[in-house]
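*Asks:* Have a peek at query-v8.tsv (TSV, C-alpha atoms).
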chain	number	residue	atom	x	y	z
H	1	MET	CA	-35.97	-135.76	120.09
H	2	SER	CA	-33.89	-136.77	117.07
H	3	PHE	CA	-30.26	-135.84	116.54
H	4	SER	CA	-31.22	-133.75	113.48
H	5	THR	CA	-33.47	-131.52	115.55
H	6	ARG	CA	-30.82	-130.99	118.25
H	7	TRP	CA	-27.97	-130.23	115.79
H	8	PRO	CA	-28.80	-126.54	114.95
H	9	GLY	CA	-28.97	-125.66	118.64
H	10	ALA	CA	-25.67	-127.36	119.33
H	11	VAL	CA	-24.01	-125.48	116.48
H	12	THR	CA	-25.36	-122.19	117.79
H	13	LEU	CA	-24.09	-122.94	121.29
H	14	LEU	CA	-20.67	-123.99	120.00
H	15	THR	CA	-20.40	-120.83	117.90
H	16	TYR	CA	-21.24	-118.68	120.90
H	17	LEU	CA	-18.68	-120.44	123.09
H	18	LEU	CA	-15.97	-119.97	120.46
H	19	TYR	CA	-16.85	-116.27	120.20
H	20	LEU	CA	-16.74	-115.90	123.98
H	21	CYS	CA	-13.39	-117.69	124.15
H	22	ASN	CA	-11.87	-115.45	121.48
H	23	TYR	CA	-13.27	-112.34	123.18
H	24	VAL	CA	-11.74	-113.29	126.54
H	25	LYS	CA	-8.44	-114.11	124.83
H	26	ALA	CA	-8.41	-110.71	123.11
H	27	GLN	CA	-9.22	-108.99	126.40
H	28	ASN	CA	-6.37	-110.80	128.13
H	29	GLU	CA	-3.94	-109.83	125.36
H	30	THR	CA	-5.04	-106.20	125.67
H	31	GLU	CA	-4.59	-106.29	129.42
H	32	LYS	CA	-1.07	-107.58	128.95
H	33	LEU	CA	-0.06	-104.53	126.94
H	34	PRO	CA	1.86	-101.95	128.99
H	35	THR	CA	0.49	-98.57	129.87
H	36	PHE	CA	1.92	-95.29	131.12
H	37	GLY	CA	4.62	-95.67	133.76
H	38	ASP	CA	5.37	-99.34	133.07
H	39	LYS	CA	9.03	-100.27	132.61
H	40	ILE	CA	9.73	-101.64	129.14
H	41	GLN	CA	12.67	-103.95	128.51
H	42	ILE	CA	14.67	-103.10	125.39
H	43	LEU	CA	16.60	-105.92	123.73
H	44	GLY	CA	20.30	-105.48	122.98
H	45	ALA	CA	22.61	-106.83	120.24
H	46	MET	CA	20.49	-105.04	117.63
H	47	GLU	CA	17.58	-107.40	118.23
H	48	ARG	CA	14.21	-105.90	117.38
H	49	THR	CA	11.95	-104.55	120.14
H	50	ASP	CA	8.43	-104.00	118.80
H	51	GLN	CA	6.29	-102.73	121.66
H	52	ASP	CA	2.61	-101.79	121.50
H	53	PHE	CA	0.80	-99.90	124.25
H	54	GLN	CA	-2.80	-100.00	125.38
H	55	ASP	CA	-3.77	-96.68	123.77
H	56	GLY	CA	-2.28	-97.66	120.38
H	57	LEU	CA	1.17	-96.09	120.73
H	58	ALA	CA	3.87	-98.29	119.20
H	59	LEU	CA	7.65	-98.16	119.52
H	60	ASP	CA	9.82	-100.12	117.10
H	61	LEU	CA	13.56	-100.06	117.71
H	62	PHE	CA	16.95	-101.74	117.54
H	63	SER	CA	19.51	-101.11	120.27
H	64	PRO	CA	23.13	-102.30	120.55
H	65	LYS	CA	22.69	-102.94	124.28
H	66	ASN	CA	19.98	-103.88	126.75
H	67	ARG	CA	18.12	-100.90	128.13
H	68	THR	CA	14.78	-99.93	129.63
H	69	LEU	CA	12.33	-97.14	128.99
H	70	ILE	CA	9.09	-95.78	130.39
H	71	VAL	CA	6.35	-93.75	128.71
H	72	LYS	CA	4.59	-91.07	130.74
H	73	GLN	CA	1.43	-89.14	129.94
H	74	ASN	CA	1.36	-85.32	130.01
H	75	THR	CA	-2.21	-84.06	130.19
H	76	ALA	CA	-1.19	-80.38	129.98
H	77	PRO	CA	1.23	-80.10	127.05
H	78	LEU	CA	2.25	-76.95	125.19
H	79	GLY	CA	-0.51	-75.77	122.85
H	80	ALA	CA	-0.49	-77.41	119.41
H	81	GLN	CA	-0.77	-74.05	117.64
H	82	PHE	CA	2.93	-73.48	118.31
H	83	VAL	CA	4.55	-75.51	115.53
H	84	THR	CA	7.93	-75.03	113.83
H	85	GLY	CA	9.71	-76.88	111.04
H	86	THR	CA	6.92	-76.58	108.48
H	87	THR	CA	4.56	-73.94	107.10
H	88	GLY	CA	0.83	-73.33	107.12
H	89	GLU	CA	-1.70	-72.98	109.92
H	90	PRO	CA	-3.72	-73.56	112.02
H	91	PHE	CA	-2.42	-76.66	113.81
H	92	VAL	CA	-4.54	-78.39	116.45
H	93	ALA	CA	-3.92	-81.23	118.89
H	94	LEU	CA	-5.42	-84.59	117.89
H	95	SER	CA	-4.99	-85.99	121.40
H	96	ASN	CA	-5.65	-84.49	124.82
H	97	TYR	CA	-2.27	-85.67	126.08
H	98	SER	CA	1.33	-86.01	124.94
H	99	TYR	CA	3.82	-88.83	125.42
H	100	ILE	CA	7.05	-88.39	127.39
H	101	ILE	CA	9.56	-91.16	126.64
H	102	GLN	CA	12.46	-91.65	129.03
H	103	MET	CA	15.29	-94.15	128.55
H	104	ASN	CA	17.26	-95.38	131.56
H	105	GLU	CA	20.36	-93.78	130.02
H	106	THR	CA	21.27	-91.45	127.17
H	107	ALA	CA	20.90	-93.41	123.94
H	108	ASN	CA	21.81	-91.85	120.60
H	109	ASP	CA	22.72	-95.11	118.87
H	110	LEU	CA	19.26	-96.48	118.06
H	111	ILE	CA	17.44	-97.32	114.86
H	112	ALA	CA	13.90	-96.45	115.83
H	113	LYS	CA	10.46	-95.22	114.90
H	114	ILE	CA	7.42	-94.11	116.85
H	115	GLU	CA	3.82	-94.67	115.73
H	116	VAL	CA	0.84	-92.73	117.11
H	117	PRO	CA	-2.71	-93.77	116.11
H	118	TYR	CA	-5.41	-91.43	114.82
H	119	ASP	CA	-9.17	-91.85	114.47
H	120	PRO	CA	-10.29	-91.28	110.82
H	121	GLU	CA	-13.83	-90.44	111.90
H	122	MET	CA	-12.58	-87.83	114.34
H	123	LEU	CA	-10.31	-86.33	111.66
H	124	ASN	CA	-13.24	-86.12	109.26
H	125	ALA	CA	-15.39	-84.38	111.87
H	126	MET	CA	-12.57	-81.87	112.50
H	127	GLY	CA	-12.00	-81.24	108.79
H	128	ILE	CA	-8.44	-82.62	108.86
H	129	GLN	CA	-6.98	-84.84	106.15
H	130	GLU	CA	-4.96	-87.88	107.14
H	131	ALA	CA	-2.08	-86.45	105.06
H	132	ASN	CA	-2.06	-83.44	107.39
H	133	THR	CA	-1.33	-85.43	110.55
H	134	TYR	CA	2.07	-85.19	112.25
H	135	VAL	CA	3.84	-86.61	115.27
H	136	ALA	CA	5.51	-83.50	116.65
H	137	THR	CA	8.51	-83.40	118.99
H	138	LEU	CA	8.80	-80.80	121.74
H	139	ALA	CA	11.75	-78.50	120.94
H	140	SER	CA	14.69	-78.39	123.33
H	141	ASP	CA	13.70	-74.86	124.40
H	142	LYS	CA	10.11	-76.14	125.01
H	143	MET	CA	8.68	-73.24	122.97
H	144	SER	CA	7.30	-75.17	119.99
H	145	TRP	CA	6.40	-78.54	118.57
H	146	VAL	CA	8.82	-79.47	115.81
H	147	VAL	CA	7.70	-81.41	112.74
H	148	ASP	CA	9.92	-82.75	109.97
H	149	ASP	CA	8.44	-83.87	106.67
H	150	SER	CA	11.62	-85.77	105.80
H	151	THR	CA	11.06	-88.20	108.70
H	152	ARG	CA	7.24	-88.31	108.65
H	153	ASN	CA	5.23	-91.25	107.39
H	154	VAL	CA	1.42	-91.46	107.40
H	155	HIS	CA	0.41	-95.14	107.40
H	156	ARG	CA	-3.20	-94.96	106.27
H	157	SER	CA	-3.75	-98.72	106.16
H	158	GLU	CA	-3.13	-98.87	109.93
H	159	ASN	CA	-4.43	-95.38	110.82
H	160	ASN	CA	-1.24	-94.12	112.39
H	161	THR	CA	1.38	-91.45	111.80
H	162	ARG	CA	5.07	-92.11	112.34
H	163	ILE	CA	8.44	-90.54	112.89
H	164	ILE	CA	11.11	-92.67	111.24
H	165	LYS	CA	14.92	-92.49	111.01
H	166	MET	CA	15.20	-91.85	114.75
H	167	THR	CA	18.48	-92.41	116.60
H	168	SER	CA	17.09	-91.46	120.02
H	169	LEU	CA	13.66	-91.80	121.63
H	170	ASP	CA	14.04	-89.53	124.67
H	171	GLY	CA	11.63	-86.62	124.39
H	172	GLU	CA	8.01	-85.50	124.35
H	173	TYR	CA	5.67	-86.23	121.45
H	174	LEU	CA	2.21	-85.01	120.42
H	175	LEU	CA	-0.11	-85.96	117.57
H	176	VAL	CA	-1.13	-82.78	115.74
H	177	GLY	CA	-3.10	-81.96	112.61
H	178	ARG	CA	-3.18	-79.03	110.22
H	179	LYS	CA	-6.63	-77.73	109.25
H	180	THR	CA	-5.92	-76.87	105.62
H	181	VAL	CA	-7.16	-78.17	102.30
H	182	ASP	CA	-3.60	-78.28	100.97
H	183	THR	CA	-1.04	-80.78	102.22
H	184	SER	CA	2.76	-80.88	102.53
H	185	ASN	CA	4.53	-77.49	102.37
H	186	ILE	CA	2.20	-74.48	102.41
H	187	PHE	CA	3.38	-71.00	101.46
H	188	VAL	CA	1.83	-67.58	101.94
H	189	GLN	CA	1.23	-65.26	99.00
H	190	TYR	CA	2.16	-61.58	99.14
H	191	GLY	CA	-0.63	-59.05	99.48
H	192	GLN	CA	-3.73	-58.46	101.57
H	193	GLY	CA	-6.81	-60.57	102.24
H	194	ALA	CA	-7.71	-63.57	104.40
H	195	THR	CA	-5.75	-66.15	102.40
H	196	ARG	CA	-2.65	-63.91	102.40
H	197	THR	CA	-2.67	-63.20	106.13
H	198	VAL	CA	-0.52	-64.94	108.72
H	199	ASN	CA	-2.45	-65.49	111.97
H	200	LEU	CA	-0.30	-65.56	115.10
H	201	THR	CA	-1.40	-66.81	118.50
H	202	GLY	CA	-0.13	-64.98	121.56
H	203	GLY	CA	1.71	-67.02	124.14
H	204	VAL	CA	4.99	-68.63	125.09
H	205	GLY	CA	5.30	-70.68	121.90
H	206	ILE	CA	6.82	-70.02	118.49
H	207	GLN	CA	5.01	-70.08	115.14
H	208	GLU	CA	6.41	-70.00	111.62
H	209	ALA	CA	5.30	-68.79	108.19
H	210	GLU	CA	7.02	-68.79	104.83
H	211	PHE	CA	6.14	-66.75	101.75
H	212	VAL	CA	6.29	-67.89	98.13
H	213	ASP	CA	9.87	-66.70	97.53
H	214	GLY	CA	11.27	-68.18	100.75
H	215	PHE	CA	10.94	-65.12	103.03
H	216	ARG	CA	10.43	-66.92	106.37
H	217	PHE	CA	9.44	-65.82	109.86
H	218	SER	CA	9.76	-67.58	113.23
H	219	ILE	CA	7.77	-65.51	115.74
H	220	GLN	CA	6.94	-65.53	119.41
H	221	ALA	CA	4.25	-62.93	120.16
H	222	SER	CA	2.97	-61.84	123.55
H	223	LYS	CA	-0.54	-61.31	122.12
H	224	ALA	CA	-2.48	-62.49	119.08
H	225	LEU	CA	-1.88	-60.52	115.90
H	226	THR	CA	-1.94	-60.86	112.13
H	227	MET	CA	0.76	-60.13	109.57
H	228	ASN	CA	0.79	-59.34	105.86
H	229	VAL	CA	3.72	-58.69	103.55
H	230	ASP	CA	3.55	-56.68	100.33
H	231	LEU	CA	6.07	-56.02	97.57
H	232	LYS	CA	6.74	-52.48	96.36
H	233	HIS	CA	8.70	-51.71	93.23
H	234	GLY	CA	11.14	-48.83	93.01
H	235	ILE	CA	13.97	-47.89	95.38
H	236	ASP	CA	15.45	-44.38	95.53
H	237	GLY	CA	19.24	-44.67	95.44
H	238	THR	CA	19.59	-41.59	97.63
H	239	THR	CA	17.98	-43.48	100.54
H	240	LEU	CA	20.76	-46.06	100.63
H	241	PRO	CA	23.92	-45.89	102.75
H	242	ALA	CA	27.01	-44.57	100.96
H	243	GLY	CA	28.87	-47.18	98.92
H	244	THR	CA	25.92	-49.57	98.64
H	245	GLN	CA	23.23	-50.46	96.15
H	246	SER	CA	20.04	-52.49	96.36
H	247	LEU	CA	20.21	-56.06	95.14
H	248	ASN	CA	16.56	-55.96	94.03
H	249	SER	CA	14.35	-53.36	92.41
H	250	PHE	CA	11.72	-53.91	95.10
H	251	MET	CA	11.27	-53.85	98.87
H	252	TRP	CA	9.35	-56.11	101.22
H	253	ILE	CA	6.78	-54.24	103.33
H	254	VAL	CA	5.89	-56.06	106.55
H	255	ASN	CA	2.70	-54.90	108.25
H	256	THR	CA	1.21	-56.34	111.46
H	257	SER	CA	-2.18	-55.63	112.99
H	258	ASN	CA	-0.61	-54.28	116.19
H	259	PRO	CA	3.01	-53.04	116.03
H	260	SER	CA	3.00	-52.44	119.79
H	261	VAL	CA	2.71	-56.17	120.58
H	262	LYS	CA	5.95	-57.49	122.04
H	263	VAL	CA	7.58	-60.01	119.73
H	264	GLU	CA	10.81	-61.92	119.48
H	265	ALA	CA	11.39	-63.16	115.97
H	266	GLN	CA	13.82	-64.44	113.42
H	267	MET	CA	13.70	-63.59	109.73
H	268	LEU	CA	15.20	-65.48	106.79
H	269	VAL	CA	15.41	-63.13	103.81
H	270	PRO	CA	15.99	-64.80	100.42
H	271	PHE	CA	18.47	-63.42	97.88
H	272	ASN	CA	18.85	-64.09	94.18
H	273	ARG	CA	22.40	-65.27	93.54
H	274	ASN	CA	22.12	-64.58	89.81
H	275	MET	CA	21.27	-60.94	90.53
H	276	LEU	CA	24.35	-60.64	92.72
H	277	VAL	CA	26.60	-62.14	90.04
H	278	ALA	CA	25.17	-59.68	87.52
H	279	LEU	CA	26.01	-56.76	89.84
H	280	ARG	CA	29.48	-58.06	90.72
H	281	PRO	CA	30.66	-60.02	87.66
H	282	ALA	CA	34.31	-59.79	88.75
H	283	GLY	CA	33.53	-61.87	91.82
H	284	SER	CA	30.73	-62.13	94.35
H	285	SER	CA	30.75	-63.49	97.88
H	286	PRO	CA	27.28	-63.30	99.45
H	287	SER	CA	28.59	-63.81	102.97
H	288	THR	CA	30.78	-60.70	102.75
H	289	MET	CA	28.65	-58.49	100.50
H	290	LEU	CA	24.98	-58.75	101.55
H	291	THR	CA	23.17	-56.98	104.38
H	292	VAL	CA	19.46	-56.56	105.10
H	293	ALA	CA	18.44	-52.94	105.75
H	294	LYS	CA	15.22	-51.44	107.02
H	295	ARG	CA	13.29	-48.21	107.43
H	296	ALA	CA	9.93	-47.26	108.95
H	297	LEU	CA	6.74	-48.84	107.62
H	298	ASN	CA	5.18	-45.66	106.22
H	299	ALA	CA	8.39	-43.88	105.22
H	300	SER	CA	8.44	-42.29	101.77
H	301	SER	CA	11.93	-40.93	102.22
H	302	GLY	CA	14.69	-41.35	104.76
H	303	GLN	CA	17.62	-43.71	104.90
H	304	PHE	CA	17.61	-47.47	105.03
H	305	THR	CA	19.87	-48.71	107.82
H	306	PRO	CA	21.24	-52.23	108.37
H	307	VAL	CA	19.15	-54.35	110.73
H	308	HIS	CA	21.30	-55.59	113.60
H	309	LYS	CA	24.23	-55.84	111.26
H	310	ASP	CA	26.57	-58.01	113.31
H	311	ALA	CA	23.88	-60.59	114.06
H	312	GLN	CA	23.07	-61.21	110.40
H	313	PHE	CA	24.32	-64.46	108.94
H	314	VAL	CA	24.32	-65.37	105.25
H	315	ARG	CA	23.27	-68.95	104.69
H	316	GLU	CA	24.65	-69.73	101.25
H	317	LEU	CA	23.96	-72.56	98.79
H	318	PRO	CA	21.70	-74.40	98.62
H	319	GLU	CA	19.54	-72.07	100.73
H	320	ASP	CA	20.66	-68.54	99.81
H	321	ARG	CA	18.94	-66.65	102.62
H	322	ILE	CA	20.09	-64.07	105.17
H	323	GLN	CA	19.28	-64.96	108.77
H	324	ILE	CA	18.39	-62.17	111.22
H	325	PRO	CA	17.71	-63.40	114.78
H	326	GLY	CA	16.57	-61.40	117.79
H	327	MET	CA	14.08	-59.13	116.01
H	328	MET	CA	11.86	-57.24	118.43
H	329	GLU	CA	9.90	-55.28	115.81
H	330	LEU	CA	8.57	-56.56	112.49
H	331	ASP	CA	6.75	-53.64	110.87
H	332	GLY	CA	8.83	-51.84	108.26
H	333	GLN	CA	10.28	-51.76	104.76
H	334	TYR	CA	13.15	-54.15	104.04
H	335	ILE	CA	15.75	-54.36	101.27
H	336	ILE	CA	19.01	-56.21	100.63
H	337	LEU	CA	22.11	-54.03	100.31
H	338	VAL	CA	25.13	-54.99	98.24
H	339	THR	CA	28.49	-53.65	99.42
H	340	ASP	CA	32.09	-54.22	98.38
H	341	PRO	CA	33.47	-57.55	99.61
H	342	LYS	CA	34.87	-57.44	103.14
H	343	ALA	CA	38.31	-58.79	103.88
H	344	VAL	CA	38.18	-62.42	104.98
H	345	GLY	CA	38.77	-62.63	108.73
H	346	GLY	CA	38.11	-58.92	109.26
H	347	SER	CA	37.05	-57.79	112.72
H	348	PRO	CA	33.29	-57.24	113.06
H	349	VAL	CA	31.94	-53.87	114.13
H	350	GLN	CA	30.60	-53.84	117.70
H	351	THR	CA	27.04	-52.67	118.29
H	352	SER	CA	24.99	-51.82	121.35
H	353	SER	CA	22.64	-54.34	122.92
H	354	THR	CA	19.63	-52.89	121.11
H	355	THR	CA	19.66	-50.98	117.82
H	356	ALA	CA	17.48	-48.21	116.55
H	357	SER	CA	15.97	-50.60	114.03
H	358	GLY	CA	14.34	-52.58	116.82
H	359	SER	CA	16.43	-55.69	117.22
H	360	LYS	CA	18.62	-57.26	119.84
H	361	PRO	CA	21.57	-59.64	119.74
H	362	ALA	CA	20.92	-63.27	118.99
H	363	THR	CA	20.10	-65.51	121.91
H	364	ALA	CA	21.04	-69.17	122.04
H	365	SER	CA	17.49	-70.40	121.36
H	366	TRP	CA	17.27	-68.39	118.14
H	367	VAL	CA	20.77	-69.14	116.90
H	368	LYS	CA	20.10	-72.87	117.22
H	369	ARG	CA	16.83	-72.54	115.28
H	370	THR	CA	18.57	-72.57	111.89
H	371	GLN	CA	17.34	-75.75	110.21
H	372	TYR	CA	13.93	-75.80	108.50
Could the structure of this file be written out as structure tokens, please?

*Replies:*
Amino acid sequence: MSFSTRWPGAVTLLTYLLYLCNYVKAQNETEKLPTFGDKIQILGAMERTDQDFQDGLALDLFSPKNRTLIVKQNTAPLGAQFVTGTTGEPFVALSNYSYIIQMNETANDLIAKIEVPYDPEMLNAMGIQEANTYVATLASDKMSWVVDDSTRNVHRSENNTRIIKMTSLDGEYLLVGRKTVDTSNIFVQYGQGATRTVNLTGGVGIQEAEFVDGFRFSIQASKALTMNVDLKHGIDGTTLPAGTQSLNSFMWIVNTSNPSVKVEAQMLVPFNRNMLVALRPAGSSPSTMLTVAKRALNASSGQFTPVHKDAQFVRELPEDRIQIPGMMELDGQYIILVTDPKAVGGSPVQTSSTTASGSKPATASWVKRTQY
């Protein structure tokens, strides 16, 4: 047999051997990657540690000192429908487990990011856009998954979603997706109908919704329910407390599908600073002049009364919203009252533990939930 007739077979064999060698090499490299529970060495002196894991998780960080960390798998995390820090729903889990990262010591001096991979084909089958993927962090009260658009980065060329600008890695993380056509911030319109309805899932977690003017709700509900908010023009001055007037010419009407469902909620009620200046041209101080008041949902007369007055907190520029924590009842008509400025440093009026308007004093978990 001539050399020319043996040459094609030799080339084929050589090609196969090269392929097999590369395949084994790739397998060995994969096997070398750490998995859950393995101890990872973190370089010090601000040297870069770029660590990939077998399932595609990647940690990229700089640390001033040598440390170690481990990544654990939680196969029964909090439901992905409980999301805070953004708006829009529904959210779903894009993985059947979460990651728990534990450093060997408290470390708040890192420059770090976390990358979690997603499967584009799976997203397409679920009707989720890549731009609607988030790496969520379990809140300190363990009642919601927190997302932050200011530290989120979707890296489409590598099919992963990141949290950047991290100074600490300790915590629990879950890849979630939002099943909406729209991306980024999503706001609810006032009125009735499916697209103007907030759907709440019952359970231990917290969900959030924000309307087009900034009226925002953070709600924990014991059972599933829906919520709509309408605007109604016209406020009878005789229904207001003495010495007050309404900032707006309208009221917000909050209506849920089941008012008897036990809820614990926080409301952020927006106010128009220009309207306040127009009413008090000689000087206006929102923090000493504004109070949210409420009356029954179907009331056509009757007085508006302040909602848990001492718990209200005016969050001024740039936000201009009034925060009301500890709400135990949502249904009702709401307005913003304008009063004469209070003396700076004046003693607050004491109230009972629960008011007739259906609220209770702020608890630590709600007071801390003030950044959105």

*Asks:* Using only C-alpha atoms, which protein or nucleic acid residues come within 6 Å of region 134-137 of chain H? Drop anything in the same chain fewer than 5 positions from it, and give the result as a ChimeraX atom specification.

*Replies:* /H:145-147,172-176

*Asks:* Using CA of Lys294 (chain H) and CA of Ala242 (chain H) as the two end points, give the distance in Å to one decimal.

*Replies:*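 The value is 14.9 Å.
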
*Asks:* Around the point (-0.9, -62.4, 115.5) in the file's coordinates, collect all residues with an atom within 10 Å, using all atoms listed in the file, and return them as number ranges by chain.

*Replies:* H: 197-202, 207, 219-227, 256-258, 261, 263

*Asks:* Measuring between all atoms listed in the file, which one of H:Ser144, H:Asn66, H:Ser246, H:Asn153 shows the shortest distance to Gln81 (chain H)?

*Replies:*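 Among the listed residues, the smallest separation from Gln81 (chain H) belongs to H:Ser144.
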
*Asks:* For Gln245 (chain H), which of H:Gln323, H:Asp340, H:Leu231, H:Thr180 is the closest residue, counting all atoms listed in the file?

*Replies:* H:Asp340

*Asks:* Using all atoms listed in the file, find the one residue out of H:Ser168, H:Gly243, H:Met143, H:Asp236 that sits nearest to Val204 (chain H).

*Replies:*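 Using all atoms listed in the file, Val204 (chain H) sits closest to H:Met143.
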
*Asks:* I'd like to know which of H:Gln192, H:Gly205, H:Asn104, H:Arg156 is closest to Val83 (chain H), using only C-alpha atoms.

*Replies:* H:Gly205

*Asks:* So what do you get for CA of Ile101 (chain H) versus CA of Glu208 (chain H), distance-wise?

*Replies:* 26.1 Å

*Asks:* Please measure the separation of CA of Thr239 (chain H) and CA of Leu330 (chain H), giving the value in Å to one decimal.

*Replies:*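 Interatomic distance here is 20.1 Å.
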
*Asks:* Which of these residues is nearest to Ala107 (chain H), using all atoms listed in the file: H:Thr49, H:Thr195, H:Gln73, H:Thr167?

*Replies:* H:Thr167

*Asks:* Give me the residues near Phe271 (chain H) as a list in words, where near means some atom within 9 Å (using all atoms listed in the file) and where sequence neighbours in that chain fewer than 6 positions away do not count.

*Replies:*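 Once the adjacent positions are removed, what remains is Leu247, Asn248, Pro286, Leu290, Asp320, Arg321, Ile322 and Ile336 of chain H.
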
*Asks:* What's around Ile100 (chain H) at 6 Å? Count all atoms listed in the file, leave out sequence neighbours fewer than 6 positions away in its own chain, and write the answer as a ChimeraX atom specification.

*Replies:* /H:71-72,171-172

*Asks:* Smallest atom-to-atom distance to Ser285 (chain H): which of H:Thr238, H:Gln41, H:Thr339, H:Thr133, using only C-alpha atoms?

*Replies:*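 Smallest distance to Ser285 (chain H) is found for H:Thr339.
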
*Asks:* Can you pull out every residue within 7 Å of Leu59 (chain H), counting all atoms listed in the file, but drop anything in the same chain fewer than 4 positions away, and send it as a PyMOL selection string?

*Replies:* chain H and resi 50-52+113-115

*Asks:* With a distance cut-off of 10 Å and all atoms listed in the file, select the neighbouring residues of Met103 (chain H), excluding the residue or stretch itself and same-chain residues fewer than 3 positions from it, and output the selection as a list in words.

*Replies:*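 After dropping sequence-adjacent residues, the list is Lys39, Ile40, Ile42, Arg67, Thr68, Leu69, Ile70, Val71, Thr106, Ala107, Ser168, Leu169, Asp170 and Gly171 of chain H.
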
*Asks:* Atoms to include: C-alpha atoms. Write the selected residues as a PDB file, keeping the file's coordinate frame.

*Replies:*
ATOM      1  CA  LYS H  39       9.030-100.270 132.610  1.00  0.00           C
ATOM      2  CA  ILE H  40       9.730-101.640 129.140  1.00  0.00           C
ATOM      3  CA  ILE H  42      14.670-103.100 125.390  1.00  0.00           C
ATOM      4  CA  ARG H  67      18.120-100.900 128.130  1.00  0.00           C
ATOM      5  CA  THR H  68      14.780 -99.930 129.630  1.00  0.00           C
ATOM      6  CA  LEU H  69      12.330 -97.140 128.990  1.00  0.00           C
ATOM      7  CA  ILE H  70       9.090 -95.780 130.390  1.00  0.00           C
ATOM      8  CA  VAL H  71       6.350 -93.750 128.710  1.00  0.00           C
ATOM      9  CA  THR H 106      21.270 -91.450 127.170  1.00  0.00           C
ATOM     10  CA  ALA H 107      20.900 -93.410 123.940  1.00  0.00           C
ATOM     11  CA  SER H 168      17.090 -91.460 120.020  1.00  0.00           C
ATOM     12  CA  LEU H 169      13.660 -91.800 121.630  1.00  0.00           C
ATOM     13  CA  ASP H 170      14.040 -89.530 124.670  1.00  0.00           C
ATOM     14  CA  GLY H 171      11.630 -86.620 124.390  1.00  0.00           C
TER      15      GLY H 171
END
